[in-house]
Amino acid sequence: HKATQNRFNAPIEKNIGRTWLASQCDLSSEGGVSREHFRFREINGKIMIEDLKSTNGTFIDGFRLAPNHPETITPGQSFKIASDEFELK
């Protein structure tokens, strides 16, 4: 099935999981999202996305992020949480 594309503004330094995402977005795989799945960080003026040892992973361009290893993400770039696709505003 095709994942729903969701767009949202990134809260910085907030651990994001199924409860927060479900309140902000249309999740098709809420059960696949961990309670604390990922967070956005601002490091040296860049927005980073960091997986928080989630069960089903955080992905950028099909690449699964290593847990606790922030990767740069830019506005308009898409990422996947479990099987749901999102886009950073």
# chains A, B, ... in the order shown; residues from 1 in each chain; ligands from 1
$ residues_around --residues "Ile73 in chain A" --least-positions-apart "2" --cutoff "8 Å" --atoms "only C-alpha atoms" --output "PDB file with N, CA and C atoms, in the first residue's frame"
ATOM      1  N   LYS A  46      22.202  23.432  11.725  1.00  0.00           N
ATOM      2  CA  LYS A  46      21.518  22.521  10.792  1.00  0.00           C
ATOM      3  C   LYS A  46      20.470  21.706  11.528  1.00  0.00           C
ATOM      4  N   ILE A  47      19.372  21.410  10.833  1.00  0.00           N
ATOM      5  CA  ILE A  47      18.349  20.535  11.396  1.00  0.00           C
ATOM      6  C   ILE A  47      18.790  19.093  11.153  1.00  0.00           C
ATOM      7  N   MET A  48      18.777  18.311  12.205  1.00  0.00           N
ATOM      8  CA  MET A  48      19.180  16.909  12.145  1.00  0.00           C
ATOM      9  C   MET A  48      18.004  16.050  12.607  1.00  0.00           C
ATOM     10  N   ILE A  49      17.930  14.820  12.100  1.00  0.00           N
ATOM     11  CA  ILE A  49      16.938  13.856  12.570  1.00  0.00           C
ATOM     12  C   ILE A  49      17.707  12.700  13.196  1.00  0.00           C
ATOM     13  N   GLU A  71      21.383  12.697  11.563  1.00  0.00           N
ATOM     14  CA  GLU A  71      21.682  12.940  10.148  1.00  0.00           C
ATOM     15  C   GLU A  71      21.004  14.239   9.729  1.00  0.00           C
ATOM     16  N   PRO A  75      14.446  21.210   4.818  1.00  0.00           N
ATOM     17  CA  PRO A  75      13.038  21.452   4.543  1.00  0.00           C
ATOM     18  C   PRO A  75      12.666  20.927   3.151  1.00  0.00           C
ATOM     19  N   GLN A  77      12.524  17.789   2.433  1.00  0.00           N
ATOM     20  CA  GLN A  77      13.038  16.425   2.297  1.00  0.00           C
ATOM     21  C   GLN A  77      12.077  15.454   2.977  1.00  0.00           C
ATOM     22  N   LEU A  88       9.430  17.175   5.836  1.00  0.00           N
ATOM     23  CA  LEU A  88       9.735  18.284   6.740  1.00  0.00           C
ATOM     24  C   LEU A  88       9.361  19.594   6.065  1.00  0.00           C
TER      25      LEU A  88
END
$ select_by_dssp --residues "chain A" --states "helix (DSSP H, G or I)" --output "PyMOL selection string"
chain A and resi 18-24+30-32
$ select_by_dssp --residues "range 7-71 of chain A" --states "strand (DSSP E or B)" --output "MDAnalysis selection string"
chainID A and resid 7:8 12 16 38:43 46:51 58:60 63:64 71
$ atom_distance --atom1 "CA of Lys80 in chain A" --atom2 "CA of Phe59 in chain A"
4.9 Å
$ residues_around --residues "Leu65 in chain A" --least-positions-apart "5" --cutoff "12 Å" --atoms "only C-alpha atoms" --output "ChimeraX atom specification"
/A:37-38,48-60,70-73,79-82
$ write_last_selection --atoms "C-alpha atoms" --output "PDB file, in the first residue's frame"
ATOM      1  CA  HIS A  37      10.761   6.938  17.915  1.00  0.00           C
ATOM      2  CA  PHE A  38      12.882   9.915  16.806  1.00  0.00           C
ATOM      3  CA  MET A  48      19.180  16.909  12.145  1.00  0.00           C
ATOM      4  CA  ILE A  49      16.938  13.856  12.570  1.00  0.00           C
ATOM      5  CA  GLU A  50      17.934  11.213  15.102  1.00  0.00           C
ATOM      6  CA  ASP A  51      16.460   7.731  15.545  1.00  0.00           C
ATOM      7  CA  LEU A  52      15.909   6.851  19.218  1.00  0.00           C
ATOM      8  CA  LYS A  53      16.572   3.088  18.955  1.00  0.00           C
ATOM      9  CA  SER A  54      13.136   2.554  17.390  1.00  0.00           C
ATOM     10  CA  THR A  55      11.917  -0.944  16.541  1.00  0.00           C
ATOM     11  CA  ASN A  56      10.876  -0.251  12.928  1.00  0.00           C
ATOM     12  CA  GLY A  57      13.395   2.418  12.020  1.00  0.00           C
ATOM     13  CA  THR A  58      13.724   5.951  10.729  1.00  0.00           C
ATOM     14  CA  PHE A  59      14.698   6.283   7.056  1.00  0.00           C
ATOM     15  CA  ILE A  60      16.000   9.038   4.761  1.00  0.00           C
ATOM     16  CA  PRO A  70      21.824  12.393  13.923  1.00  0.00           C
ATOM     17  CA  GLU A  71      21.682  12.940  10.148  1.00  0.00           C
ATOM     18  CA  THR A  72      21.070  16.262   8.363  1.00  0.00           C
ATOM     19  CA  ILE A  73      17.563  16.788   6.964  1.00  0.00           C
ATOM     20  CA  PHE A  79      11.650  10.645   5.541  1.00  0.00           C
ATOM     21  CA  LYS A  80       9.929   7.469   6.695  1.00  0.00           C
ATOM     22  CA  ILE A  81       8.943   6.424  10.186  1.00  0.00           C
ATOM     23  CA  ALA A  82       8.040   2.709  10.175  1.00  0.00           C
TER      24      ALA A  82
END
$ atom_distance --atom1 "CA of Ala22 in chain A" --atom2 "CA of Ile43 in chain A"
26.7 Å
$ closest_residue --among "A:Thr74, A:Asn6, A:Pro67, A:Asp61" --to "Ser28 in chain A" --atoms "only C-alpha atoms"
A:Asn6
$ closest_residue --among "A:Gln24, A:Thr19, A:Asn68, A:Ser78" --to "Arg41 in chain A" --atoms "only C-alpha atoms"
A:Asn68
$ closest_residue --among "A:His69, A:Gly32, A:Glu85, A:Cys25" --to "Asn9 in chain A" --atoms "only C-alpha atoms"
A:Cys25
$ residues_around --residues "Glu36 in chain A" --least-positions-apart "4" --cutoff "6 Å" --atoms "only C-alpha atoms" --output "PyMOL selection string"
chain A and resi 15-17
$ atom_distance --atom1 "CA of Lys89 in chain A" --atom2 "CA of Arg18 in chain A"
19.3 Å
$ closest_residue --among "A:Pro11, A:Gly76, A:Arg64, A:Asp84" --to "Glu42 in chain A" --atoms "only C-alpha atoms"
A:Pro11
